[in-house]
Amino acid sequence: MEREGYFGTLTERMKAFREEVLDEKPYIDAERAVLATKAYKENQNQPRVMARARMLKKILENMSIYIEDKALLAGNQSTKNCNAPIFPEYTMKFVMDELDLFEKRDGDVFYITEETKQQLREIAPFWENNNLRARGEALLPEEVSVFMETGVFGMEGKLNAGDAHLAVNYQRVLSDGLRGYEKRVRACKAKLDLTDPDSIDKYVFYNAVLTALDAVHTFALRYSVLAKELAEKESDPARKAELMDMSRICGKVPYEPAESFREAVQSVWLIQLILQIESNGHSLSYGRFDQYMYPYYIKDIREGKITETEALELLTCLWIKTLTVNKVRSQAHTLSSAGSPMYQNVTIGGQTTDKKDAVNELSFLVLKSVAQTRLTQPNLTVRYHANI
């Protein structure tokens, strides 16, 4: 009770939203896998980097989207919160081997419908010897096979998954918007000497980046349209206003620079989410959240555009949304990674580059919001130093 008195408690709707997410039964979700397979089939003649970009475009333009009735942020990973998408371009082996066993596991149980099983069976042949796992195993020397079989080398997480253990430059995403990245890419592309063989790979890479940026922009615009449609049907004036503002914000970020705390939080969430829709990695983290978000927070506070209570509720919504991201691992991998952890970390505190105390008002607000939600995601890191 003492801790609740200090940190406060969730608002009623965030409390209800939290319970809804925690009550969700995690299902194996085939939608992403089906879209990824279509994209790879359509782009078999393309360099891998372009095939990946067009795959992301196919997914973000066609996947199911929704906005929960209690949410303050838009963006979902799968057809339902806490469902686990399948990433066939990394591996299909354990998925097919365990298709009828997901619900019978001792831990990390996932549910699966017969329709989903059939969808996965239909796409599986295309990926036979045609994904990351197959190529990785082909590169392994025969001498290490015995160590793989006995478990001395644990490569489940490496051979079955994508990018991980990173935090992108959210500060630049917020200040420049994806439009800024697009401008830089077009400038680099224009400077290429296409008579130079080394420029060809760069040319393809730049085109792939532009394709990915366009895909992200389209994804955000889809939520802008959806939020407006929901607002037009909404009878509650307060919720109608929230949805209209959500529509405006998704029509702006992450393509344009963020100019407010609400815009910054929505921009960060969409990028954080898309990183995990595109790849099957984990430990994709928010980085030093209180540092790059502070200018937007303090500006809005001083100008009366947001209250501390409103900002706190927005943060608790962000952490609840963070929990909706899920991942299915092989049974063997769950023995060392039980609990379906995603290791999405948020860091506060520490020092500035000139070794001054970096703690600010937002540091404490993040601390409060994580304490209120009491969830396994995100992981919280507090950087401590002698002069904190």
# chains A, B, ... in the order shown; residues from 1 in each chain; ligands from 1

call {"tool": "residues_around", "arguments": {"residues": "stretch 205-209 of chain A", "least_positions_apart": "5", "cutoff": "12 Å", "atoms": "only C-alpha atoms", "output": "PyMOL selection string"}}
result
chain A and resi 46-57+178-179+181-192+198-200+214-216

call {"tool": "write_last_selection", "arguments": {"atoms": "N, CA, C and O atoms", "output": "short mmCIF file (atom, residue, chain, number, x, y, z; two decimals), in the first residue's frame"}}
result
data_model
loop_
_atom_site.label_atom_id
_atom_site.label_comp_id
_atom_site.auth_asym_id
_atom_site.auth_seq_id
_atom_site.Cartn_x
_atom_site.Cartn_y
_atom_site.Cartn_z
N GLN A 46 14.57 -10.66 -57.22
CA GLN A 46 15.11 -9.44 -56.62
C GLN A 46 16.29 -9.74 -55.68
O GLN A 46 16.34 -10.80 -55.06
N PRO A 47 17.24 -8.80 -55.58
CA PRO A 47 18.29 -8.92 -54.56
C PRO A 47 17.63 -9.04 -53.19
O PRO A 47 16.53 -8.49 -52.97
N ARG A 48 18.28 -9.73 -52.28
CA ARG A 48 17.65 -10.04 -50.99
C ARG A 48 17.19 -8.78 -50.25
O ARG A 48 16.13 -8.77 -49.64
N VAL A 49 17.98 -7.71 -50.31
CA VAL A 49 17.61 -6.51 -49.57
C VAL A 49 16.32 -5.91 -50.12
O VAL A 49 15.48 -5.40 -49.37
N MET A 50 16.12 -5.99 -51.43
CA MET A 50 14.87 -5.49 -52.02
C MET A 50 13.71 -6.44 -51.74
O MET A 50 12.58 -6.00 -51.50
N ALA A 51 13.98 -7.73 -51.76
CA ALA A 51 12.93 -8.69 -51.42
C ALA A 51 12.42 -8.45 -50.00
O ALA A 51 11.21 -8.51 -49.74
N ARG A 52 13.35 -8.16 -49.09
CA ARG A 52 12.96 -7.87 -47.71
C ARG A 52 12.11 -6.60 -47.62
O ARG A 52 11.11 -6.54 -46.90
N ALA A 53 12.52 -5.58 -48.35
CA ALA A 53 11.78 -4.31 -48.32
C ALA A 53 10.37 -4.49 -48.88
O ALA A 53 9.40 -3.98 -48.32
N ARG A 54 10.27 -5.23 -49.98
CA ARG A 54 8.95 -5.45 -50.58
C ARG A 54 8.10 -6.37 -49.72
O ARG A 54 6.87 -6.27 -49.73
N MET A 55 8.75 -7.27 -48.98
CA MET A 55 8.00 -8.09 -48.03
C MET A 55 7.38 -7.21 -46.95
O MET A 55 6.20 -7.36 -46.60
N LEU A 56 8.19 -6.29 -46.40
CA LEU A 56 7.67 -5.40 -45.37
C LEU A 56 6.51 -4.57 -45.92
O LEU A 56 5.50 -4.37 -45.24
N LYS A 57 6.66 -4.10 -47.14
CA LYS A 57 5.60 -3.31 -47.77
C LYS A 57 4.32 -4.14 -47.90
O LYS A 57 3.22 -3.67 -47.59
N LEU A 178 10.75 10.40 -40.79
CA LEU A 178 11.23 9.54 -41.87
C LEU A 178 11.42 10.33 -43.16
O LEU A 178 12.17 9.92 -44.04
N ARG A 179 10.75 11.47 -43.26
CA ARG A 179 10.96 12.34 -44.41
C ARG A 179 12.42 12.79 -44.49
O ARG A 179 13.00 12.88 -45.58
N TYR A 181 15.01 11.06 -43.43
CA TYR A 181 15.77 9.91 -43.92
C TYR A 181 15.58 9.77 -45.43
O TYR A 181 16.52 9.48 -46.17
N GLU A 182 14.36 9.97 -45.88
CA GLU A 182 14.06 9.88 -47.31
C GLU A 182 14.88 10.90 -48.09
O GLU A 182 15.45 10.58 -49.15
N LYS A 183 14.96 12.10 -47.58
CA LYS A 183 15.74 13.15 -48.24
C LYS A 183 17.20 12.77 -48.33
O LYS A 183 17.86 12.95 -49.37
N ARG A 184 17.75 12.23 -47.24
CA ARG A 184 19.16 11.81 -47.22
C ARG A 184 19.42 10.70 -48.22
O ARG A 184 20.42 10.70 -48.94
N VAL A 185 18.50 9.72 -48.28
CA VAL A 185 18.67 8.58 -49.19
C VAL A 185 18.63 9.05 -50.64
O VAL A 185 19.45 8.63 -51.47
N ARG A 186 17.69 9.92 -50.95
CA ARG A 186 17.59 10.42 -52.34
C ARG A 186 18.84 11.20 -52.73
O ARG A 186 19.30 11.11 -53.88
N ALA A 187 19.39 11.93 -51.79
CA ALA A 187 20.62 12.69 -52.07
C ALA A 187 21.79 11.74 -52.32
O ALA A 187 22.59 11.95 -53.24
N CYS A 188 21.89 10.69 -51.51
CA CYS A 188 22.96 9.70 -51.69
C CYS A 188 22.80 8.96 -53.02
O CYS A 188 23.78 8.72 -53.73
N LYS A 189 21.57 8.63 -53.34
CA LYS A 189 21.30 7.90 -54.58
C LYS A 189 21.66 8.76 -55.80
O LYS A 189 22.22 8.26 -56.79
N ALA A 190 21.37 10.06 -55.73
CA ALA A 190 21.64 10.97 -56.84
C ALA A 190 23.13 11.13 -57.11
O ALA A 190 23.53 11.45 -58.23
N LYS A 191 23.94 10.91 -56.09
CA LYS A 191 25.39 11.08 -56.23
C LYS A 191 26.09 9.84 -56.81
O LYS A 191 27.29 9.89 -57.11
N LEU A 192 25.38 8.75 -56.95
CA LEU A 192 26.01 7.51 -57.41
C LEU A 192 26.51 7.62 -58.86
O LEU A 192 25.83 8.20 -59.71
N ASP A 198 30.65 -0.88 -58.12
CA ASP A 198 30.37 -0.84 -56.68
C ASP A 198 29.11 -0.03 -56.37
O ASP A 198 28.57 -0.15 -55.26
N SER A 199 28.67 0.79 -57.31
CA SER A 199 27.49 1.62 -57.07
C SER A 199 26.18 0.84 -57.21
O SER A 199 25.14 1.29 -56.72
N ILE A 200 26.25 -0.31 -57.88
CA ILE A 200 25.01 -1.05 -58.15
C ILE A 200 24.37 -1.55 -56.86
O ILE A 200 23.16 -1.41 -56.64
N ASP A 214 8.40 4.15 -47.40
CA ASP A 214 7.05 4.31 -47.94
C ASP A 214 6.07 3.35 -47.27
O ASP A 214 4.93 3.70 -46.98
N ALA A 215 6.55 2.13 -46.98
CA ALA A 215 5.70 1.13 -46.32
C ALA A 215 5.30 1.59 -44.92
O ALA A 215 4.14 1.45 -44.51
N VAL A 216 6.26 2.13 -44.18
CA VAL A 216 5.99 2.62 -42.82
C VAL A 216 5.00 3.79 -42.86
O VAL A 216 4.08 3.87 -42.05
#

call {"tool": "residues_around", "arguments": {"residues": "stretch 343-349 of chain A", "least_positions_apart": "5", "cutoff": "9 Å", "atoms": "only C-alpha atoms", "output": "count of residues only"}}
result
33

call {"tool": "residues_around", "arguments": {"residues": "stretch 329-334 of chain A", "least_positions_apart": "4", "cutoff": "8 Å", "atoms": "only C-alpha atoms", "output": "VMD selection string"}}
result
chain A and resid 94 to 95 98 105 107 to 108 156 to 157 338 to 340

call {"tool": "write_last_selection", "arguments": {"atoms": "N, CA and C atoms", "output": "PDB file, in the first residue's frame"}}
result
ATOM      1  N   PHE A  94      10.841 -25.949 -36.785  1.00  0.00           N
ATOM      2  CA  PHE A  94      10.260 -26.244 -35.471  1.00  0.00           C
ATOM      3  C   PHE A  94       8.758 -25.984 -35.484  1.00  0.00           C
ATOM      4  N   VAL A  95       8.323 -25.029 -36.309  1.00  0.00           N
ATOM      5  CA  VAL A  95       6.896 -24.732 -36.395  1.00  0.00           C
ATOM      6  C   VAL A  95       6.134 -25.964 -36.883  1.00  0.00           C
ATOM      7  N   GLU A  98       6.286 -28.974 -34.428  1.00  0.00           N
ATOM      8  CA  GLU A  98       5.533 -28.806 -33.184  1.00  0.00           C
ATOM      9  C   GLU A  98       4.104 -28.328 -33.416  1.00  0.00           C
ATOM     10  N   ARG A 105       2.543 -28.038 -24.430  1.00  0.00           N
ATOM     11  CA  ARG A 105       3.815 -27.733 -23.775  1.00  0.00           C
ATOM     12  C   ARG A 105       3.657 -27.625 -22.264  1.00  0.00           C
ATOM     13  N   GLY A 107       5.342 -25.359 -20.623  1.00  0.00           N
ATOM     14  CA  GLY A 107       5.357 -23.916 -20.425  1.00  0.00           C
ATOM     15  C   GLY A 107       5.352 -23.216 -21.765  1.00  0.00           C
ATOM     16  N   ASP A 108       5.154 -21.900 -21.761  1.00  0.00           N
ATOM     17  CA  ASP A 108       5.079 -21.120 -23.000  1.00  0.00           C
ATOM     18  C   ASP A 108       4.084 -21.746 -23.976  1.00  0.00           C
ATOM     19  N   GLU A 156      19.685 -21.894 -31.246  1.00  0.00           N
ATOM     20  CA  GLU A 156      18.273 -21.754 -31.589  1.00  0.00           C
ATOM     21  C   GLU A 156      17.878 -20.298 -31.817  1.00  0.00           C
ATOM     22  N   GLY A 157      18.318 -19.439 -30.918  1.00  0.00           N
ATOM     23  CA  GLY A 157      17.942 -18.040 -31.029  1.00  0.00           C
ATOM     24  C   GLY A 157      18.614 -17.318 -32.175  1.00  0.00           C
ATOM     25  N   ALA A 338      12.259 -19.241 -20.901  1.00  0.00           N
ATOM     26  CA  ALA A 338      10.866 -19.469 -20.533  1.00  0.00           C
ATOM     27  C   ALA A 338      10.156 -18.150 -20.257  1.00  0.00           C
ATOM     28  N   GLY A 339       8.842 -18.158 -20.471  1.00  0.00           N
ATOM     29  CA  GLY A 339       8.040 -16.973 -20.189  1.00  0.00           C
ATOM     30  C   GLY A 339       7.837 -16.070 -21.380  1.00  0.00           C
ATOM     31  N   SER A 340       8.237 -16.515 -22.565  1.00  0.00           N
ATOM     32  CA  SER A 340       8.117 -15.722 -23.793  1.00  0.00           C
ATOM     33  C   SER A 340       8.673 -14.307 -23.629  1.00  0.00           C
TER      34      SER A 340
END

call {"tool": "select_by_dssp", "arguments": {"residues": "stretch 58-297 of chain A", "states": "alpha helix (DSSP H)", "output": "ChimeraX atom specification"}}
result
/A:58-62,93-97,114-123,132-139,145-150,156-159,170-190,198-233,237-250,261-278,289-292,294-297

call {"tool": "residues_around", "arguments": {"residues": "stretch 293-309 of chain A", "least_positions_apart": "4", "cutoff": "9 Å", "atoms": "only C-alpha atoms", "output": "list in words"}}
result
Tyr170, Gln171, Leu174, Ala258, Glu259, Ser260, Phe261, Arg262, Glu263, Ala264, Val265, Arg288, Phe289, Glu313, Leu314, Asn360, Glu361, Leu362, Ser363 and Leu365 of chain A

call {"tool": "residues_around", "arguments": {"residues": "A:Leu194", "least_positions_apart": "6", "cutoff": "12 Å", "atoms": "only C-alpha atoms", "output": "list in words"}}
result
Ile200, Asp201, Lys202, Tyr203 and Val204 of chain A

call {"tool": "residues_around", "arguments": {"residues": "stretch 6-18 of chain A", "least_positions_apart": "5", "cutoff": "8 Å", "atoms": "only C-alpha atoms", "output": "number ranges by chain"}}
result
A: 70-71, 313, 316-317, 320, 368-369, 371-373

call {"tool": "residues_around", "arguments": {"residues": "A:Pro88", "least_positions_apart": "4", "cutoff": "8 Å", "atoms": "only C-alpha atoms", "output": "PDB file with all heavy atoms, in the first residue's frame"}}
result
ATOM      1  N   ALA A  33       2.945 -14.706 -41.938  1.00  0.00           N
ATOM      2  CA  ALA A  33       3.638 -15.756 -42.695  1.00  0.00           C
ATOM      3  C   ALA A  33       3.086 -15.888 -44.107  1.00  0.00           C
ATOM      4  O   ALA A  33       3.835 -16.046 -45.078  1.00  0.00           O
ATOM      5  CB  ALA A  33       3.523 -17.092 -41.963  1.00  0.00           C
ATOM      6  N   ALA A  36       4.198 -12.784 -46.075  1.00  0.00           N
ATOM      7  CA  ALA A  36       5.639 -12.862 -46.357  1.00  0.00           C
ATOM      8  C   ALA A  36       5.916 -13.851 -47.480  1.00  0.00           C
ATOM      9  O   ALA A  36       6.753 -13.595 -48.360  1.00  0.00           O
ATOM     10  CB  ALA A  36       6.397 -13.266 -45.097  1.00  0.00           C
ATOM     11  N   THR A  37       5.216 -14.971 -47.465  1.00  0.00           N
ATOM     12  CA  THR A  37       5.402 -15.985 -48.511  1.00  0.00           C
ATOM     13  C   THR A  37       4.998 -15.434 -49.878  1.00  0.00           C
ATOM     14  O   THR A  37       5.717 -15.625 -50.877  1.00  0.00           O
ATOM     15  CB  THR A  37       4.579 -17.247 -48.189  1.00  0.00           C
ATOM     16  OG1 THR A  37       4.943 -17.723 -46.890  1.00  0.00           O
ATOM     17  CG2 THR A  37       4.833 -18.337 -49.210  1.00  0.00           C
ATOM     18  N   MET A  92      10.958 -22.659 -40.602  1.00  0.00           N
ATOM     19  CA  MET A  92       9.636 -23.291 -40.503  1.00  0.00           C
ATOM     20  C   MET A  92       9.748 -24.656 -39.837  1.00  0.00           C
ATOM     21  O   MET A  92       8.739 -25.278 -39.518  1.00  0.00           O
ATOM     22  CB  MET A  92       9.022 -23.455 -41.896  1.00  0.00           C
ATOM     23  CG  MET A  92       8.382 -22.208 -42.459  1.00  0.00           C
ATOM     24  SD  MET A  92       6.899 -21.670 -41.565  1.00  0.00           S
ATOM     25  CE  MET A  92       5.680 -22.842 -42.146  1.00  0.00           C
ATOM     26  N   ALA A 124       4.547 -24.132 -46.188  1.00  0.00           N
ATOM     27  CA  ALA A 124       5.790 -24.784 -45.757  1.00  0.00           C
ATOM     28  C   ALA A 124       6.676 -25.278 -46.896  1.00  0.00           C
ATOM     29  O   ALA A 124       7.901 -25.093 -46.846  1.00  0.00           O
ATOM     30  CB  ALA A 124       5.476 -25.916 -44.776  1.00  0.00           C
ATOM     31  N   TRP A 127       9.394 -22.954 -48.336  1.00  0.00           N
ATOM     32  CA  TRP A 127      10.520 -22.581 -47.487  1.00  0.00           C
ATOM     33  C   TRP A 127      11.490 -23.730 -47.220  1.00  0.00           C
ATOM     34  O   TRP A 127      12.469 -23.556 -46.502  1.00  0.00           O
ATOM     35  CB  TRP A 127       9.991 -22.018 -46.160  1.00  0.00           C
ATOM     36  CG  TRP A 127       9.169 -20.787 -46.365  1.00  0.00           C
ATOM     37  CD1 TRP A 127       7.805 -20.677 -46.302  1.00  0.00           C
ATOM     38  CD2 TRP A 127       9.653 -19.491 -46.697  1.00  0.00           C
ATOM     39  NE1 TRP A 127       7.410 -19.401 -46.569  1.00  0.00           N
ATOM     40  CE2 TRP A 127       8.533 -18.639 -46.815  1.00  0.00           C
ATOM     41  CE3 TRP A 127      10.932 -18.947 -46.904  1.00  0.00           C
ATOM     42  CZ2 TRP A 127       8.633 -17.288 -47.128  1.00  0.00           C
ATOM     43  CZ3 TRP A 127      11.055 -17.599 -47.214  1.00  0.00           C
ATOM     44  CH2 TRP A 127       9.916 -16.788 -47.333  1.00  0.00           C
ATOM     45  N   ASN A 131      15.493 -20.765 -46.320  1.00  0.00           N
ATOM     46  CA  ASN A 131      15.377 -19.720 -45.302  1.00  0.00           C
ATOM     47  C   ASN A 131      16.684 -19.626 -44.498  1.00  0.00           C
ATOM     48  O   ASN A 131      17.663 -20.333 -44.787  1.00  0.00           O
ATOM     49  CB  ASN A 131      14.175 -19.972 -44.380  1.00  0.00           C
ATOM     50  CG  ASN A 131      14.151 -21.367 -43.796  1.00  0.00           C
ATOM     51  OD1 ASN A 131      15.194 -21.967 -43.552  1.00  0.00           O
ATOM     52  ND2 ASN A 131      12.950 -21.890 -43.555  1.00  0.00           N
TER      53      ASN A 131
END

call {"tool": "atom_distance", "arguments": {"atom1": "atom CA of A:Lys104", "atom2": "atom CA of A:Leu22"}}
result
20.4 Å

call {"tool": "atom_distance", "arguments": {"atom1": "atom CA of A:Leu318", "atom2": "atom CA of A:Gln272"}}
result
10.7 Å

call {"tool": "atom_distance", "arguments": {"atom1": "atom CA of A:Val152", "atom2": "atom CA of A:Asp97"}}
result
22.0 Å

call {"tool": "closest_residue", "arguments": {"among": "A:Tyr292, A:Phe102, A:Trp269, A:Phe153", "to": "A:Leu72", "atoms": "only C-alpha atoms"}}
result
A:Trp269
